[in-house]
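Participant: The structure follows.
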Amino acid sequence: MVHLQDNPFHAESISPSNSKASYKRRKQCKTFIRVALVSALSIMCFFIGRNVKWESLTESYGFDPRDADFVQYFCNQPSSIVASDISFDEQSIQSNKKPNSLLEHVRAGYFKEEIIADTSIPKEIWQDLPVKGAYYMVVRNEDLYGARSVIQSMRDHMSNGTRYPWILLNNQYFTKEFKTYVKQLIDGPVFFGKIDLKVWDYPNWIDIPHAEQKMLEQEVSGVHKGSSLSYHQLLRYHTGFFFHHPLFENVEYTWRVEAGADYSCQMDDDLFLKMKEEQKKLGFVITMRESSAAIPTLWSRVVEFKELYPEHILPEDATIYPWIYDTNEDNYNLCHFWSNFQLADLTFFRSTAYQKYFEYLDNTGNFFYER
């Protein structure tokens, strides 16, 4: 057994004065080492850093003439090798991204494959026609009977038939059955397009709960289809978006057709040609007084637009202003025409003035808050 007379770990064996002196020396040593390191780093940065040409590092990358040999070598390679390399890279990128696999309906697995919609009308369609006109109808798959009914009615009352192309639009994809049964009645070409849901759904500036409340109030007030969201969407689309659809890119005149409508008059003239020869912008068949509950602030917005954009306003006598303005009441007389059977020169809708006017009204949100 080893016995230590003086245990170095025993507290009584360490003098308090020696402990304080030792701690002081260690602290001074650490401080000295830190100061020395900082000084050494500063000196290195000073002497090395000033020799670096910093301005060259901030210049834009350009073509280095020394790379010419490499570029020449690459260009001289067989095209098949280069193409295979590029193809491989593109395939790798696509396989990594796979955007469609992230969509909910793809992951769910039970949605049927959609039928590809038409997006263009071949130029040869217009070769034997005097005007680039088209009949167009916004209709759903569920309204097949109404679509066939109005097409048949037009055929029965036109001496030259419906020889112009038809454009049918839907916010859903048309089914094969719908397309088959519609084509059976149409003599000319027909195209089935899909509406861009970005302009069909609520825009991001709409307060949806507020819109739903206002539509319910319209229904209670007796406004026609006031609570129908799809009806509000339809009116907005007809007013400001349909002519932007790619199927109308080369179309000059349109005839809006309403599913389920019936034509009772014989139409022997080519109304598209008539519109063009007489330089008409719009044609309609029904006018009546609108319900004030449907458009409580419309006229106020019209007046605001006139004040904000006078460059787009024509003289009153050159417009229908005297026809719709009640001088005694100093207000809009609520007279309006239906666009359900409208013929139109699309240059009117495509004009800067009209599109600015629609944009102003659309930003108020009143296509949903009102009608």
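All residue names refer to the structure tokens as shown: chains lettered A, B, ... in order, residues numbered from 1 in each chain, ligands numbered from 1 in order.
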What lies within 9 Å of stretch 358-368 of chain A using only C-alpha atoms, ignoring chain neighbours under 3 positions off, as a PDB file with C-alpha atoms, in the first residue's frame?
Facilitator:
```
ATOM      1  CA  TYR A 202     -63.030  33.816 -59.174  1.00  0.00           C
ATOM      2  CA  PRO A 203     -60.126  36.235 -59.746  1.00  0.00           C
ATOM      3  CA  TRP A 205     -59.247  40.208 -55.898  1.00  0.00           C
ATOM      4  CA  ILE A 206     -62.711  38.849 -55.164  1.00  0.00           C
ATOM      5  CA  ASP A 207     -63.873  38.472 -51.555  1.00  0.00           C
ATOM      6  CA  ILE A 208     -65.607  35.112 -52.045  1.00  0.00           C
ATOM      7  CA  ALA A 211     -69.677  37.595 -53.298  1.00  0.00           C
ATOM      8  CA  GLU A 212     -71.734  34.625 -52.125  1.00  0.00           C
ATOM      9  CA  LYS A 214     -74.364  39.448 -52.501  1.00  0.00           C
ATOM     10  CA  MET A 215     -75.511  36.757 -54.937  1.00  0.00           C
ATOM     11  CA  LEU A 229     -72.299  31.468 -59.738  1.00  0.00           C
ATOM     12  CA  HIS A 232     -72.166  35.321 -63.258  1.00  0.00           C
ATOM     13  CA  GLN A 233     -69.107  33.571 -64.689  1.00  0.00           C
ATOM     14  CA  LEU A 235     -71.794  36.862 -68.301  1.00  0.00           C
ATOM     15  CA  ARG A 236     -68.278  37.958 -67.372  1.00  0.00           C
ATOM     16  CA  THR A 239     -68.315  40.404 -71.871  1.00  0.00           C
ATOM     17  CA  GLY A 240     -64.564  40.416 -71.793  1.00  0.00           C
ATOM     18  CA  ILE A 295     -76.860  46.709 -61.416  1.00  0.00           C
ATOM     19  CA  THR A 297     -73.715  50.817 -59.093  1.00  0.00           C
ATOM     20  CA  LEU A 298     -73.089  50.203 -62.814  1.00  0.00           C
ATOM     21  CA  ARG A 301     -68.795  53.113 -62.501  1.00  0.00           C
ATOM     22  CA  VAL A 302     -69.472  54.259 -66.086  1.00  0.00           C
ATOM     23  CA  PHE A 305     -64.535  55.657 -66.214  1.00  0.00           C
ATOM     24  CA  ALA A 353     -60.875  51.511 -75.395  1.00  0.00           C
ATOM     25  CA  TYR A 354     -63.210  48.538 -74.903  1.00  0.00           C
ATOM     26  CA  GLN A 355     -60.616  46.373 -73.190  1.00  0.00           C
ATOM     27  CA  ARG A 371     -74.618  41.346 -62.346  1.00  0.00           C
TER      28      ARG A 371
END
```
Participant: Can you tell me how far atom CA of A:Tyr145 sits from atom CA of A:Val285, in Å to one decimal?
Facilitator: 23.5 Å
Participant: Identify which of the residues A:Ala318, A:Val150, A:Val223, A:Val190 lies closest to A:Ser120, counting only C-alpha atoms when measuring atom-to-atom distances.
Facilitator: A:Val190
Participant: Give me every strand (DSSP E) residue in stretch 163-308 of chain A, going by DSSP on the backbone, as a PyMOL selection string.
Facilitator: chain A and resi 166-170+190-194+253-256+282-283+287-289
Participant: For A:Tyr231, which residue among A:Ser264, A:Arg256, A:Gln279, A:Val139 is the nearest when counting only C-alpha atoms?
Facilitator: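 Among the listed residues, the smallest separation from A:Tyr231 belongs to A:Val139.
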Participant: Name all residues at most 10 Å from A:Ile125 (count only C-alpha atoms; drop same-chain ones fewer than 5 positions away) and give them as a PyMOL selection string.
Facilitator: chain A and resi 132+164-165+188-189
Participant: Pick the closest to A:Gly146 from A:Asp262, A:Leu334, A:Val220, A:Asp128: which is it, counting only C-alpha atoms?
Facilitator: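 Residue with the minimum atom-to-atom distance to A:Gly146: A:Asp262.
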Participant: Based on the backbone DSSP call, show me all residues of stretch 128-284 of chain A assigned alpha helix (DSSP H), as JSON, numbers by chain.
Facilitator: {"A": [144, 145, 146, 147, 148, 149, 150, 151, 152, 153, 154, 155, 156, 176, 177, 178, 179, 180, 181, 182, 183, 197, 198, 199, 200, 208, 209, 210, 211, 212, 213, 214, 215, 216, 217, 218, 219, 220, 229, 230, 231, 232, 233, 234, 235, 236, 237, 238, 239, 240, 271, 272, 273, 274, 275, 276, 277]}
Participant: Could you pull the residues within 12 Å of A:Tyr332, counting only C-alpha atoms, minus those fewer than 5 positions along the same chain, as a ChimeraX atom specification?
Facilitator: /A:289-292,295-303,320-327
Participant: Using only C-alpha atoms, which of A:Ile33, A:Leu129, A:Ala261, A:Leu346 sits nearest A:Asp143?
Facilitator: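 Ranking A:Ile33, A:Leu129, A:Ala261, A:Leu346 by distance to A:Asp143, first place goes to A:Ala261.
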Participant: How many Å lie between atom CA of A:Val182 and atom CA of A:Lys225, rounded to one decimal?
Facilitator: 27.1 Å
Participant: Could you state the separation of atom CA of A:Ile167 and atom CA of A:Asp270 in Å, given to one decimal place?
Facilitator: 18.0 Å
Participant: Find the residue from A:Gln342, A:Ile313, A:Asp330, A:Met275 that sits nearest to A:His238; use only C-alpha atoms when measuring.
Facilitator: A:Gln342
Participant: Can you pull out the residues contacting A:Pro122? Cut-off 10 Å, using only C-alpha atoms, and skip same-chain residues under 3 positions away; I want them as a PyMOL selection string.
Facilitator: chain A and resi 125-126+247+250
Participant: For the selection just defined, write its residues with N, CA, C and O atoms to a file, as a PDB file, in the first residue's frame.
Facilitator:
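Saved to selection31.pdb:
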```pdb
ATOM      1  N   ILE A 125     -59.951  26.830 -94.032  1.00  0.00           N
ATOM      2  CA  ILE A 125     -61.386  26.877 -93.715  1.00  0.00           C
ATOM      3  C   ILE A 125     -62.028  28.116 -94.330  1.00  0.00           C
ATOM      4  O   ILE A 125     -63.200  28.109 -94.728  1.00  0.00           O
ATOM      5  N   TRP A 126     -61.268  29.211 -94.452  1.00  0.00           N
ATOM      6  CA  TRP A 126     -61.832  30.477 -94.916  1.00  0.00           C
ATOM      7  C   TRP A 126     -61.747  30.651 -96.429  1.00  0.00           C
ATOM      8  O   TRP A 126     -62.216  31.675 -96.954  1.00  0.00           O
ATOM      9  N   LEU A 247     -59.124  29.998 -80.582  1.00  0.00           N
ATOM     10  CA  LEU A 247     -59.932  29.627 -81.746  1.00  0.00           C
ATOM     11  C   LEU A 247     -60.459  30.853 -82.501  1.00  0.00           C
ATOM     12  O   LEU A 247     -60.830  30.753 -83.665  1.00  0.00           O
ATOM     13  N   ASN A 250     -58.199  34.242 -85.849  1.00  0.00           N
ATOM     14  CA  ASN A 250     -58.371  34.775 -87.203  1.00  0.00           C
ATOM     15  C   ASN A 250     -59.815  35.120 -87.531  1.00  0.00           C
ATOM     16  O   ASN A 250     -60.121  35.457 -88.679  1.00  0.00           O
TER      17      ASN A 250
END
```
Participant: Skip A:Tyr309 itself and residues of its chain fewer than 5 positions away, then list as a list in words all residues within 10 Å of it, counting only C-alpha atoms.
Facilitator: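 Non-adjacent residues within range: Glu304, Ala353, Lys356 and Tyr357 of chain A.
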Participant: Rank A:Met137, A:Ala108, A:Met288, A:Leu216 by their smallest atom-to-atom distance to A:Tyr369, using only C-alpha atoms, and report the top residue only.
Facilitator: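 The answer is A:Leu216, which sits nearest to A:Tyr369.
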